[in-house]
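Colleague: One file is attached below, structure.txt, containing compact mmCIF, C-alpha atoms.
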# COMPACT_ATOMS: atom_id res chain seq x y z
CA MET A 1 17.42 26.05 -12.30
CA LYS A 2 14.76 23.35 -12.56
CA THR A 3 12.44 22.67 -9.67
CA ILE A 4 12.07 19.16 -8.25
CA LEU A 5 8.80 18.62 -10.10
CA GLU A 6 10.25 19.89 -13.37
CA THR A 7 13.13 17.43 -13.10
CA PHE A 8 10.77 14.51 -12.50
CA ALA A 9 8.45 15.74 -15.25
CA GLU A 10 11.23 15.86 -17.84
CA HIS A 11 12.30 12.34 -16.94
CA PHE A 12 8.78 10.90 -17.04
CA SER A 13 7.81 12.58 -20.30
CA ASN A 14 10.85 11.02 -21.99
CA SER A 15 10.55 7.53 -20.48
CA THR A 16 9.78 4.49 -22.63
CA PHE A 17 8.92 0.87 -21.93
CA GLU A 18 12.04 -0.27 -23.77
CA GLN A 19 14.19 1.44 -21.13
CA LEU A 20 12.84 -0.85 -18.41
CA PRO A 21 15.04 -3.83 -17.46
CA PRO A 22 13.26 -7.22 -17.59
CA ALA A 23 13.50 -7.55 -13.78
CA VAL A 24 11.63 -4.25 -13.35
CA VAL A 25 8.88 -5.33 -15.75
CA HIS A 26 8.55 -8.65 -13.93
CA LYS A 27 8.39 -7.05 -10.46
CA THR A 28 5.79 -4.56 -11.68
CA LYS A 29 3.54 -7.35 -12.99
CA LEU A 30 3.80 -9.14 -9.65
CA LEU A 31 2.86 -5.95 -7.80
CA ILE A 32 -0.13 -5.43 -10.10
CA LEU A 33 -1.19 -9.00 -9.31
CA ASP A 34 -0.78 -8.31 -5.60
CA TYR A 35 -2.84 -5.13 -5.94
CA LEU A 36 -5.62 -7.02 -7.72
CA GLY A 37 -5.69 -9.74 -5.08
CA VAL A 38 -5.97 -7.39 -2.11
CA SER A 39 -8.53 -5.26 -3.95
CA ILE A 40 -10.73 -8.24 -4.74
CA ALA A 41 -10.58 -9.44 -1.13
CA GLY A 42 -11.22 -5.88 0.04
CA LEU A 43 -14.60 -5.91 -1.70
CA LYS A 44 -15.90 -7.93 1.25
CA MET A 45 -15.23 -5.16 3.75
CA ASP A 46 -17.80 -2.62 4.88
CA PHE A 47 -16.22 0.65 3.80
CA PRO A 48 -15.43 -0.39 0.21
CA ARG A 49 -19.00 -1.66 -0.08
CA MET A 50 -20.31 1.71 1.11
CA THR A 51 -18.07 3.54 -1.35
CA ILE A 52 -18.97 1.32 -4.29
CA ASP A 53 -22.67 1.59 -3.46
CA TYR A 54 -22.40 5.38 -3.58
CA LEU A 55 -20.38 5.47 -6.80
CA ARG A 56 -22.82 3.11 -8.53
CA SER A 57 -25.63 5.52 -7.69
CA LEU A 58 -24.04 8.32 -9.71
CA GLU A 59 -24.56 9.12 -13.36
CA GLY A 60 -21.62 9.54 -15.68
CA VAL A 61 -19.78 8.39 -18.78
CA GLY A 62 -18.97 4.67 -18.66
CA GLN A 63 -15.19 4.73 -19.08
CA SER A 64 -13.61 2.35 -16.60
CA THR A 65 -14.26 -0.72 -14.48
CA LEU A 66 -15.26 -0.29 -10.85
CA MET A 67 -14.54 -3.64 -9.21
CA GLY A 68 -17.65 -5.01 -7.55
CA SER A 69 -19.90 -3.28 -10.08
CA THR A 70 -21.30 -4.64 -13.32
CA ARG A 71 -21.31 -1.33 -15.17
CA LYS A 72 -18.54 1.04 -16.08
CA VAL A 73 -18.18 4.43 -14.42
CA PRO A 74 -16.15 7.59 -15.09
CA ALA A 75 -12.43 6.85 -14.76
CA ILE A 76 -12.11 9.23 -11.85
CA HIS A 77 -14.78 7.30 -9.93
CA ALA A 78 -13.19 3.94 -10.72
CA ALA A 79 -9.88 5.24 -9.37
CA LEU A 80 -11.53 6.32 -6.12
CA GLY A 81 -13.51 3.13 -5.55
CA ASN A 82 -10.73 0.75 -6.52
CA GLY A 83 -8.21 2.66 -4.41
CA VAL A 84 -10.47 2.34 -1.38
CA ALA A 85 -10.94 -1.40 -1.94
CA ALA A 86 -7.19 -1.93 -2.33
CA HIS A 87 -6.26 -0.46 1.06
CA ALA A 88 -9.12 -1.90 3.12
CA LEU A 89 -7.31 -5.12 4.10
CA ASP A 90 -4.03 -3.39 4.94
CA MET A 91 -2.24 -6.09 2.90
CA ASP A 92 -1.00 -3.81 0.10
CA ASP A 93 2.65 -3.39 -0.88
CA GLY A 94 4.92 -0.74 0.62
CA PHE A 95 8.35 0.89 0.83
CA ARG A 96 9.92 0.91 4.26
CA TYR A 97 12.29 3.84 3.69
CA GLY A 98 9.31 6.07 2.94
CA GLY A 99 6.65 4.57 5.20
CA VAL A 100 4.36 4.60 2.18
CA HIS A 101 2.09 2.36 0.09
CA ALA A 102 2.50 3.62 -3.47
CA GLY A 103 0.55 0.86 -5.21
CA VAL A 104 -2.90 1.63 -3.82
CA ALA A 105 -2.70 5.20 -5.12
CA VAL A 106 -0.79 4.64 -8.35
CA ILE A 107 -2.27 1.43 -9.76
CA PRO A 108 -6.02 2.19 -9.49
CA ALA A 109 -5.48 5.56 -11.15
CA ALA A 110 -3.31 4.14 -13.91
CA LEU A 111 -5.55 1.15 -14.56
CA ALA A 112 -8.69 3.29 -14.78
CA LEU A 113 -7.14 5.81 -17.17
CA ALA A 114 -5.41 3.16 -19.29
CA GLU A 115 -8.71 1.36 -19.76
CA SER A 116 -10.55 4.55 -20.71
CA LEU A 117 -7.85 5.39 -23.28
CA GLN A 118 -7.69 1.78 -24.57
CA LEU A 119 -3.95 1.50 -24.02
CA SER A 120 -1.56 -1.44 -23.92
CA GLY A 121 -0.15 -3.41 -21.04
CA LYS A 122 3.31 -2.04 -21.85
CA GLN A 123 2.05 1.51 -21.43
CA LEU A 124 0.37 0.60 -18.14
CA ILE A 125 3.54 -1.04 -16.78
CA LEU A 126 5.70 1.97 -17.69
CA SER A 127 3.26 4.37 -16.07
CA ILE A 128 3.20 2.40 -12.82
CA VAL A 129 7.00 2.26 -12.65
CA CYS A 130 7.09 6.06 -12.99
CA GLY A 131 4.41 6.50 -10.34
CA TYR A 132 6.29 4.40 -7.80
CA GLU A 133 9.49 6.30 -8.61
CA ILE A 134 8.29 9.70 -7.45
CA VAL A 135 6.29 8.40 -4.47
CA ASN A 136 9.15 6.39 -3.04
CA ARG A 137 11.87 8.98 -3.66
CA ILE A 138 9.87 11.89 -2.18
CA SER A 139 8.57 9.89 0.80
CA LYS A 140 12.11 8.67 1.59
CA ALA A 141 13.28 12.28 1.64
CA MET A 142 10.49 13.28 4.05
CA ASN A 143 10.55 10.26 6.36
CA PRO A 144 10.44 10.02 9.38
CA SER A 145 9.57 13.67 10.00
CA HIS A 146 6.46 13.59 7.81
CA LEU A 147 5.04 10.56 9.59
CA GLY A 148 6.01 12.00 12.95
CA ARG A 149 3.97 15.10 12.22
CA GLY A 150 0.87 12.92 11.87
CA PHE A 151 0.51 12.65 8.10
CA HIS A 152 -0.38 9.44 6.24
CA THR A 153 2.20 9.40 3.46
CA THR A 154 0.12 7.13 1.23
CA GLY A 155 -2.40 9.93 0.81
CA THR A 156 -0.13 12.95 0.95
CA ILE A 157 2.60 11.69 -1.41
CA GLY A 158 0.73 8.89 -3.20
CA VAL A 159 -1.10 11.58 -5.15
CA LEU A 160 2.16 12.52 -6.89
CA GLY A 161 2.55 8.96 -8.13
CA ALA A 162 -1.00 8.79 -9.38
CA ALA A 163 -0.47 12.01 -11.35
CA ALA A 164 2.88 10.85 -12.73
CA ALA A 165 1.45 7.52 -13.91
CA CYS A 166 -1.57 9.12 -15.51
CA GLY A 167 0.58 11.82 -17.10
CA VAL A 168 2.69 9.14 -18.77
CA LEU A 169 -0.45 7.40 -20.04
CA ALA A 170 -1.86 10.69 -21.36
CA LYS A 171 1.48 11.43 -23.09
CA LEU A 172 1.82 14.83 -21.43
CA ASN A 173 4.81 16.91 -22.47
CA LYS A 174 7.23 17.99 -19.76
CA GLU A 175 5.47 21.32 -19.13
CA GLN A 176 2.06 19.69 -18.81
CA MET A 177 3.52 16.92 -16.64
CA ALA A 178 5.09 19.42 -14.25
CA SER A 179 1.79 21.27 -13.96
CA ALA A 180 -0.10 18.03 -13.28
CA LEU A 181 2.38 17.09 -10.56
CA GLY A 182 2.07 20.56 -9.04
CA MET A 183 -1.72 20.38 -9.00
CA SER A 184 -1.62 16.92 -7.46
CA ALA A 185 0.65 18.14 -4.65
CA LEU A 186 -2.05 20.69 -3.71
CA GLN A 187 -4.51 17.84 -3.14
CA GLY A 188 -2.48 15.35 -1.11
CA ALA A 189 -4.10 14.64 2.25
CA GLY A 190 -4.12 12.04 4.98
CA LEU A 191 -4.20 12.40 8.77
CA LEU A 192 -3.01 9.60 11.04
CA GLU A 193 -5.69 10.39 13.59
CA ILE A 194 -7.39 7.38 12.02
CA LEU A 195 -5.02 5.29 14.16
CA ASN A 196 -6.91 6.58 17.20
CA ASP A 197 -10.41 6.82 15.79
CA GLY A 198 -12.11 6.11 12.46
CA ALA A 199 -9.75 3.39 11.18
CA MET A 200 -12.52 2.14 8.88
CA VAL A 201 -12.14 5.13 6.57
CA LYS A 202 -8.32 5.05 6.29
CA PRO A 203 -8.67 3.77 2.67
CA LEU A 204 -10.07 7.18 1.70
CA HIS A 205 -6.48 8.42 1.60
CA PRO A 206 -5.25 6.34 -1.36
CA GLY A 207 -8.65 6.44 -3.04
CA LYS A 208 -8.68 10.23 -3.05
CA ALA A 209 -5.02 10.29 -4.13
CA ALA A 210 -5.82 8.08 -7.13
CA MET A 211 -8.80 10.26 -8.02
CA ALA A 212 -6.77 13.47 -7.71
CA GLY A 213 -4.07 12.04 -9.96
CA ILE A 214 -6.51 11.66 -12.83
CA LEU A 215 -8.10 15.05 -12.14
CA SER A 216 -4.70 16.79 -12.21
CA VAL A 217 -3.76 15.24 -15.54
CA GLU A 218 -7.10 16.02 -17.16
CA LEU A 219 -6.82 19.66 -16.08
CA ALA A 220 -3.20 19.90 -17.25
CA LYS A 221 -4.24 18.56 -20.68
CA ARG A 222 -6.71 21.42 -20.87
CA GLY A 223 -4.09 24.06 -20.08
CA ALA A 224 -4.25 24.43 -16.29
CA LYS A 225 -0.91 25.49 -14.75
CA GLY A 226 0.05 23.96 -11.43
CA PRO A 227 2.68 25.38 -9.04
CA LEU A 228 6.13 24.16 -10.11
CA THR A 229 7.54 24.86 -6.62
CA ALA A 230 4.76 22.93 -4.88
CA LEU A 231 7.31 20.81 -2.99
CA GLU A 232 10.28 23.01 -2.04
CA GLY A 233 8.59 26.44 -2.18
CA GLU A 234 8.29 28.77 0.80
CA LYS A 235 4.70 27.67 1.30
CA GLY A 236 5.12 24.25 -0.29
CA LEU A 237 4.51 20.73 0.85
CA PHE A 238 7.96 20.21 2.43
CA LYS A 239 7.70 23.16 4.80
CA ALA A 240 4.05 22.57 5.56
CA MET A 241 4.25 18.84 6.26
CA ALA A 242 7.73 18.07 7.61
CA ASP A 243 10.32 19.40 10.03
CA GLY A 244 13.22 17.96 8.07
CA VAL A 245 13.54 16.91 4.42
CA LYS A 246 16.63 15.20 3.00
CA THR A 247 16.84 16.11 -0.71
CA ASP A 248 20.49 15.17 -1.18
CA GLY A 249 20.59 12.28 -3.61
CA LEU A 250 16.93 12.68 -4.52
CA PHE A 251 17.67 12.05 -8.20
CA ASP A 252 20.60 9.65 -7.82
CA GLY A 253 20.20 6.79 -10.28
CA LEU A 254 16.98 8.17 -11.76
CA GLY A 255 16.39 6.08 -14.88
CA SER A 256 18.72 3.26 -13.81
CA ASP A 257 18.01 2.59 -10.13
CA PHE A 258 14.29 1.79 -10.13
CA TYR A 259 12.74 2.31 -6.72
CA ILE A 260 9.91 -0.11 -7.44
CA MET A 261 12.46 -2.88 -6.87
CA GLY A 262 12.59 -1.88 -3.20
CA GLN A 263 8.91 -2.63 -2.69
CA TYR A 264 7.82 -5.18 -0.10
CA ILE A 265 4.62 -7.22 0.01
CA LYS A 266 2.64 -8.28 3.05
CA PHE A 267 1.64 -11.73 4.27
CA HIS A 268 -0.35 -10.57 7.30
CA ALA A 269 -3.46 -8.38 7.07
CA ALA A 270 -2.14 -5.87 9.60
CA CYS A 271 -0.07 -2.72 9.76
CA ARG A 272 3.45 -3.49 8.51
CA HIS A 273 4.95 -2.41 11.85
CA ILE A 274 3.38 -5.50 13.46
CA HIS A 275 4.78 -8.01 10.95
CA PRO A 276 8.22 -8.69 12.48
CA ALA A 277 6.58 -9.53 15.81
CA ILE A 278 4.10 -11.90 14.16
CA ASP A 279 6.85 -13.50 12.07
CA GLY A 280 8.98 -14.11 15.14
CA LEU A 281 6.13 -15.34 17.30
CA LEU A 282 4.93 -17.86 14.74
CA ASP A 283 8.50 -19.00 14.12
CA ILE A 284 8.99 -19.76 17.83
CA MET A 285 5.66 -21.56 18.05
CA ARG A 286 6.45 -23.73 15.03
CA LYS A 287 9.96 -24.61 16.13
CA GLU A 288 8.95 -25.42 19.72
CA ASN A 289 5.60 -26.96 18.77
CA LEU A 290 3.71 -24.61 21.12
CA SER A 291 -0.02 -23.94 21.28
CA TYR A 292 -1.50 -20.59 22.24
CA GLN A 293 -2.63 -22.09 25.57
CA GLU A 294 1.02 -22.58 26.51
CA ILE A 295 1.89 -18.88 26.21
CA ASP A 296 2.16 -17.23 29.61
CA ALA A 297 3.68 -13.95 28.47
CA LEU A 298 4.94 -12.35 25.29
CA ASN A 299 7.25 -9.34 25.25
CA ILE A 300 8.01 -7.43 22.04
CA THR A 301 10.81 -4.91 21.70
CA THR A 302 10.79 -2.91 18.50
CA TYR A 303 11.37 0.54 16.97
CA PRO A 304 9.59 3.70 18.20
CA VAL A 305 7.39 4.20 15.11
CA ALA A 306 5.91 0.72 15.59
CA ILE A 307 5.02 1.55 19.19
CA SER A 308 3.59 4.91 18.18
CA PHE A 309 1.41 3.29 15.51
CA CYS A 310 0.52 -0.01 17.14
CA GLY A 311 1.58 -0.11 20.79
CA THR A 312 -1.73 0.82 22.37
CA SER A 313 -2.78 -1.23 25.40
CA SER A 314 -6.48 -0.53 24.83
CA PRO A 315 -8.35 -3.53 23.39
CA PRO A 316 -9.63 -2.85 19.85
CA GLU A 317 -13.35 -2.52 19.31
CA THR A 318 -13.33 -3.06 15.55
CA ALA A 319 -11.52 -5.29 13.06
CA GLU A 320 -9.90 -2.21 11.53
CA ALA A 321 -8.52 -1.11 14.90
CA ALA A 322 -7.13 -4.59 15.54
CA LYS A 323 -4.90 -4.18 12.50
CA PHE A 324 -3.05 -1.48 14.46
CA SER A 325 -2.73 -3.37 17.74
CA LEU A 326 0.46 -5.34 18.38
CA ALA A 327 -1.12 -7.12 21.34
CA SER A 328 -4.35 -8.09 19.62
CA SER A 329 -2.73 -9.10 16.32
CA CYS A 330 -0.07 -11.23 18.01
CA ALA A 331 -2.67 -12.92 20.21
CA MET A 332 -4.82 -13.61 17.17
CA ALA A 333 -1.87 -14.99 15.20
CA ALA A 334 -0.98 -17.30 18.11
CA PHE A 335 -4.60 -18.48 18.37
CA TYR A 336 -5.11 -19.22 14.65
CA GLY A 337 -1.55 -19.79 13.47
CA ASP A 338 -1.78 -16.92 10.97
CA ALA A 339 -2.96 -13.34 10.58
CA GLY A 340 -4.74 -13.55 7.24
CA GLU A 341 -7.47 -11.24 6.08
CA GLU A 342 -10.30 -13.51 7.23
CA ARG A 343 -9.01 -13.36 10.83
CA TYR A 344 -9.80 -9.68 11.25
CA SER A 345 -13.49 -9.94 12.01
CA LEU A 346 -15.90 -9.02 14.78
CA ASP A 347 -15.91 -12.64 15.99
CA THR A 348 -12.15 -12.51 16.44
CA ILE A 349 -12.29 -9.19 18.29
CA GLN A 350 -14.88 -10.62 20.67
CA ASN A 351 -13.11 -13.98 21.17
CA GLN A 352 -12.45 -14.23 24.90
CA GLU A 353 -9.41 -16.51 24.54
CA ILE A 354 -7.74 -14.02 22.20
CA LYS A 355 -8.65 -11.09 24.44
CA LYS A 356 -7.14 -12.80 27.49
CA LEU A 357 -3.96 -13.67 25.63
CA ALA A 358 -3.66 -10.07 24.39
CA THR A 359 -3.50 -8.82 27.99
CA ARG A 360 -0.30 -10.87 28.41
CA VAL A 361 1.43 -9.18 25.48
CA THR A 362 3.67 -6.21 26.26
CA SER A 363 5.64 -4.00 23.88
CA ALA A 364 8.26 -1.29 24.10
CA ALA A 365 10.85 0.49 21.97
CA ASN A 366 14.60 0.45 22.50
CA SER A 367 17.66 2.20 21.11
CA ARG A 368 18.83 -0.85 19.14
CA TRP A 369 15.82 -0.76 16.85
CA ALA A 370 15.50 3.03 16.94
CA ASP A 371 19.03 3.38 15.59
CA ALA A 372 18.45 0.75 12.88
CA TYR A 373 15.20 2.30 11.57
CA PRO A 374 14.38 2.38 8.65
CA ARG A 375 17.30 0.30 7.39
CA GLU A 376 15.84 -2.43 9.58
CA ARG A 377 12.25 -2.48 10.78
CA GLY A 378 12.47 -5.36 13.19
CA ALA A 379 11.65 -6.73 16.62
CA ASN A 380 12.86 -8.96 19.42
CA ILE A 381 10.29 -11.47 20.60
CA GLU A 382 10.55 -13.07 24.03
CA LEU A 383 8.05 -15.79 24.89
CA LYS A 384 7.54 -17.37 28.32
CA THR A 385 5.48 -20.55 28.58
CA THR A 386 3.15 -21.65 31.36
CA LYS A 387 5.85 -24.21 32.30
CA GLY A 388 8.42 -21.48 32.82
CA GLN A 389 10.32 -22.07 29.57
CA LYS A 390 11.72 -19.03 27.78
CA PHE A 391 12.27 -18.68 24.05
CA SER A 392 13.39 -15.68 22.04
CA THR A 393 14.18 -14.64 18.49
CA GLU A 394 15.08 -11.55 16.50
CA VAL A 395 13.50 -10.51 13.18
CA PRO A 396 15.38 -7.62 11.50
CA LEU A 397 13.13 -7.54 8.42
CA SER A 398 9.75 -9.13 7.81
CA LYS A 399 9.08 -11.63 5.06
CA GLY A 400 8.45 -9.88 1.76
CA GLU A 401 11.18 -7.23 2.01
CA PRO A 402 13.71 -7.20 -0.87
CA GLU A 403 16.37 -8.53 1.54
CA ASN A 404 13.96 -11.24 2.78
CA PRO A 405 12.15 -11.67 -0.53
CA ALA A 406 8.89 -13.22 -1.55
CA SER A 407 9.18 -15.69 -4.40
CA ASP A 408 6.99 -15.62 -7.49
CA GLU A 409 5.16 -18.58 -5.96
CA ASP A 410 4.56 -16.54 -2.79
CA PHE A 411 2.96 -13.76 -4.85
CA VAL A 412 0.72 -16.22 -6.69
CA ARG A 413 -0.23 -18.08 -3.51
CA LYS A 414 -1.21 -14.84 -1.77
CA TYR A 415 -3.29 -13.79 -4.78
CA GLN A 416 -5.08 -17.14 -4.88
CA GLN A 417 -5.86 -16.96 -1.17
CA ASN A 418 -7.29 -13.46 -1.56
CA VAL A 419 -9.57 -14.39 -4.48
CA VAL A 420 -10.82 -17.71 -3.13
CA SER A 421 -14.41 -16.42 -2.97
CA GLN A 422 -14.45 -15.71 -6.71
CA ASP A 423 -15.06 -18.09 -9.61
CA LYS A 424 -11.76 -19.97 -10.04
CA SER A 425 -11.86 -19.91 -13.81
CA LEU A 426 -12.24 -16.13 -13.76
CA SER A 427 -9.52 -15.55 -11.17
CA ASP A 428 -7.16 -17.85 -13.09
CA GLN A 429 -7.74 -15.86 -16.27
CA ILE A 430 -6.95 -12.63 -14.41
CA LEU A 431 -3.78 -14.24 -13.05
CA ASP A 432 -2.59 -15.42 -16.47
CA MET A 433 -3.35 -12.12 -18.17
CA THR A 434 -1.60 -10.07 -15.49
CA LEU A 435 1.56 -12.17 -15.65
CA THR A 436 1.70 -11.68 -19.43
CA LEU A 437 0.55 -8.07 -19.35
CA GLU A 438 3.32 -6.72 -21.59
CA THR A 439 1.82 -8.77 -24.44
CA GLN A 440 -1.77 -7.69 -23.74
CA GLN A 441 -4.08 -4.73 -24.04
CA VAL A 442 -5.58 -3.33 -20.83
CA SER A 443 -9.20 -3.59 -21.99
CA PRO A 444 -9.46 -7.44 -21.90
CA LEU A 445 -8.08 -7.47 -18.35
CA ALA A 446 -10.57 -4.78 -17.36
CA THR A 447 -13.39 -6.85 -18.90
CA LEU A 448 -12.43 -9.76 -16.64
CA LEU A 449 -12.34 -7.47 -13.59
CA GLY A 450 -15.84 -6.30 -14.48
CA LYS A 451 -17.09 -9.87 -14.00
CA LEU A 452 -15.97 -10.07 -10.37
CA GLN A 453 -18.66 -10.58 -7.80
CA GLY A 454 -19.01 -7.94 -5.10
CA ASN A 455 -19.48 -9.26 -1.58
Could the structure of this file be written out as structure tokens, please?
Modeller:
Amino acid sequence: MKTILETFAEHFSNSTFEQLPPAVVHKTKLLILDYLGVSIAGLKMDFPRMTIDYLRSLEGVGQSTLMGSTRKVPAIHAALGNGVAAHALDMDDGFRYGGVHAGVAVIPAALALAESLQLSGKQLILSIVCGYEIVNRISKAMNPSHLGRGFHTTGTIGVLGAAAACGVLAKLNKEQMASALGMSALQGAGLLEILNDGAMVKPLHPGKAAMAGILSVELAKRGAKGPLTALEGEKGLFKAMADGVKTDGLFDGLGSDFYIMGQYIKFHAACRHIHPAIDGLLDIMRKENLSYQEIDALNITTYPVAISFCGTSSPPETAEAAKFSLASSCAMAAFYGDAGEERYSLDTIQNQEIKKLATRVTSAANSRWADAYPRERGANIELKTTKGQKFSTEVPLSKGEPENPASDEDFVRKYQQNVVSQDKSLSDQILDMTLTLETQQVSPLATLLGKLQGN
């Protein structure tokens, strides 16, 4: 009987670009564009700058582009640095049924290896689709127990997607692919203690996952044998990192039901669990023509995971911590009218008007949203004005979910907002090349990325 990893490995090693429906190819290109936009904007943040500075100081074969650097670095280093930059804003794509952000682990690994091997855009697209497939299916099986145990799924399971994508690019056979996946499972890591302390370094999780994906594939190519029972074995990842795993239906529709189509994108630079509250708050303010000064109290009722992640009443001391504060993020959104990446700054955290408004924001979980999770990840928003008026709304799913979808124009607009600090001619070329990636080679796109200015 085949193990879980052997089943995935056989599928991935036999997959071809021609098997992908046009809608899947199109969605994948949009997600690559989204990844590039959030990565480019992430170059402005402190931790990516620290990481890039360190990686630039190392010697090594110049294989792949490290965004924010003018010289190429080993592919494994590019995967690490670009993965860190991609997750720094907390605006990267995700999958609500798994509580995971596949893109920031899968895409930097695949892009770095594809560039080093001088592969085509078609090969890159196929590899990314395969990477998302295993990340989203495995994380769905482990959620919510895995998250509840305190693991950051993007790091722990994202590594499987990075290895799958890179294995497809390296044309591993099914035995080598299974070994690479097994080795990657040994390296998955990510503790959610960063929600309480050290939020700055949260992007290490996808960066290390991307790096480990390439490492696993390179070792498998050279004959290393990974554990084929790394997931379901007696001492495997499932038993070590979850109290309950639902494997029924794990392979349903594999090859026809592409999980990448279930991916959402973000329009606020905060933890996804905060988005329904921000969406509802801004909707009320627009409809009733309210200013932040008119808000007397704001009450948010949502699902337990959102409260666990973001319901702290302690005021944040850093921009990174504010991304995980319902009260602070909602107050900031009311003050500015949005929660874009430029809002999460030290000035915002220290703004006295925002801090005062945040003290009037309360949040709690209830059974309605607990029972609906993760089918719905929503919130009720109740707003009371200084004149005693009361307004309320319900947001079952945030903007950007497949059921509340972002348009192509939304994807492009978000990208353009994230790259506004770059030369427009350059960013437009990156946009055009990404949206026609199936007709391109990866190297010219990488050359453009190498011209980006670090911040």
Colleague: Calculated over only C-alpha atoms, which of the candidates A:Val129, A:Val73, A:Leu117, A:Ala110 has the smallest distance to Cys166 (chain A)?
Modeller: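 Using only C-alpha atoms, Cys166 (chain A) sits closest to A:Ala110.
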Colleague: Would you list the residues near (-22.9, 4.2, -8.8) (no more than 12 Å away, in the coordinates of the file, using all atoms listed in the file) as a ChimeraX atom specification?
Modeller: /A:49-62,65-74,77-78,80-81
Colleague: So, counting only C-alpha atoms, which residue among A:Leu36, A:Leu5, A:Ala212, A:Ala321 is closest to Leu431 (chain A)?
Modeller: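 Checking each candidate against Leu431 (chain A), we get A:Leu36 as the closest.
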Colleague: Could you list, as an MDAnalysis selection string, every residue within 6 Å of Gly121 (chain A), counting all atoms listed in the file and ignoring same-chain residues fewer than 6 positions away?
Modeller: chainID A and resid 437:438 440:442
Colleague: Filtering to C-alpha atoms, could you give me those residues as a short mmCIF file (atom, residue, chain, number, x, y, z; two decimals), in the frame of the given file?
Modeller:
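The resulting result35.cif:
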data_model
loop_
_atom_site.label_atom_id
_atom_site.label_comp_id
_atom_site.auth_asym_id
_atom_site.auth_seq_id
_atom_site.Cartn_x
_atom_site.Cartn_y
_atom_site.Cartn_z
CA LEU A 437 0.55 -8.07 -19.35
CA GLU A 438 3.32 -6.72 -21.59
CA GLN A 440 -1.77 -7.69 -23.74
CA GLN A 441 -4.08 -4.73 -24.04
CA VAL A 442 -5.58 -3.33 -20.83
#
Colleague: Which one is closest to Lys414 (chain A): A:Thr393, A:Gln176, A:Met211, A:Gly400? Count all atoms listed in the file.
Modeller: A:Gly400
Colleague: Show me as a ChimeraX atom specification the residues that reach within 10 Å of (2.8, -8.7, 10.7), counting all atoms listed in the file and using the file's own coordinates.
Modeller: /A:91,266-281,323,326,329-330,333,338-340,398-399
Colleague: Rank A:Ala297, A:Met241, A:Leu33, A:Ile214 by their smallest atom-to-atom distance to Ile381 (chain A), using all atoms listed in the file, and report the top residue only.
Modeller: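 Once distances to Ile381 (chain A) are computed over all atoms listed in the file, the minimum belongs to A:Ala297.
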Colleague: Work out how far CA of Gly188 (chain A) is from CA of Leu228 (chain A), in Å to one decimal.
Modeller: 15.3 Å
Colleague: With a distance cut-off of 10 Å and all atoms listed in the file, select the neighbouring residues of region 18-21 of chain A, excluding the residue or stretch itself and same-chain residues fewer than 3 positions from it, and output the selection as a ChimeraX atom specification.
Modeller: /A:15,24-26,122,125-126,129,255-256,258
Colleague: Between A:Leu204, A:Ile76, A:Ile295, A:Val419, single out the one closest to Glu115 (chain A), counting only C-alpha atoms.
Modeller: A:Ile76
Colleague: For Tyr97 (chain A), which residue out of A:Ala372, A:Ala114, A:Leu445, A:Val38 is the nearest one, using all atoms listed in the file?
Modeller: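 Nearest to Tyr97 (chain A): A:Ala372.
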Colleague: Which polymer residues have any atom within 10 Å of an atom of region 232-239 of chain A, counting all atoms listed in the file, with same-chain residues fewer than 6 positions away left out, as a list in words?
Modeller: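 The filter keeps Thr3, Ile4, Leu5, Ile138, Ala141, Met142, His146, Thr156, Ile157, Gly182, Ala185, Leu186, Gly188, Val245 and Thr247 of chain A.
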Colleague: Please compute the CA of Gly223 (chain A)-CA of Ala170 (chain A) distance, one decimal, in Å.
Modeller: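 Interatomic distance, CA of Gly223 (chain A) to CA of Ala170 (chain A): 13.6 Å.
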Colleague: Would you pick out the contacts of Ala406 (chain A) at 12 Å or less, using all atoms listed in the file, so that residues sharing its chain but fewer than 3 positions from it are not included, and give the list as number ranges by chain?
Modeller: A: 27, 30-31, 34, 93, 263-267, 398-403, 409-414
Colleague: Once you have the residues from the selection above, write them out as a PDB file, keeping the file's coordinate frame, restricted to C-alpha atoms.
Modeller:
ATOM      1  CA  LYS A  27       8.390  -7.050 -10.460  1.00  0.00           C
ATOM      2  CA  LEU A  30       3.800  -9.140  -9.650  1.00  0.00           C
ATOM      3  CA  LEU A  31       2.860  -5.950  -7.800  1.00  0.00           C
ATOM      4  CA  ASP A  34      -0.780  -8.310  -5.600  1.00  0.00           C
ATOM      5  CA  ASP A  93       2.650  -3.390  -0.880  1.00  0.00           C
ATOM      6  CA  GLN A 263       8.910  -2.630  -2.690  1.00  0.00           C
ATOM      7  CA  TYR A 264       7.820  -5.180  -0.100  1.00  0.00           C
ATOM      8  CA  ILE A 265       4.620  -7.220   0.010  1.00  0.00           C
ATOM      9  CA  LYS A 266       2.640  -8.280   3.050  1.00  0.00           C
ATOM     10  CA  PHE A 267       1.640 -11.730   4.270  1.00  0.00           C
ATOM     11  CA  SER A 398       9.750  -9.130   7.810  1.00  0.00           C
ATOM     12  CA  LYS A 399       9.080 -11.630   5.060  1.00  0.00           C
ATOM     13  CA  GLY A 400       8.450  -9.880   1.760  1.00  0.00           C
ATOM     14  CA  GLU A 401      11.180  -7.230   2.010  1.00  0.00           C
ATOM     15  CA  PRO A 402      13.710  -7.200  -0.870  1.00  0.00           C
ATOM     16  CA  GLU A 403      16.370  -8.530   1.540  1.00  0.00           C
ATOM     17  CA  GLU A 409       5.160 -18.580  -5.960  1.00  0.00           C
ATOM     18  CA  ASP A 410       4.560 -16.540  -2.790  1.00  0.00           C
ATOM     19  CA  PHE A 411       2.960 -13.760  -4.850  1.00  0.00           C
ATOM     20  CA  VAL A 412       0.720 -16.220  -6.690  1.00  0.00           C
ATOM     21  CA  ARG A 413      -0.230 -18.080  -3.510  1.00  0.00           C
ATOM     22  CA  LYS A 414      -1.210 -14.840  -1.770  1.00  0.00           C
TER      23      LYS A 414
END
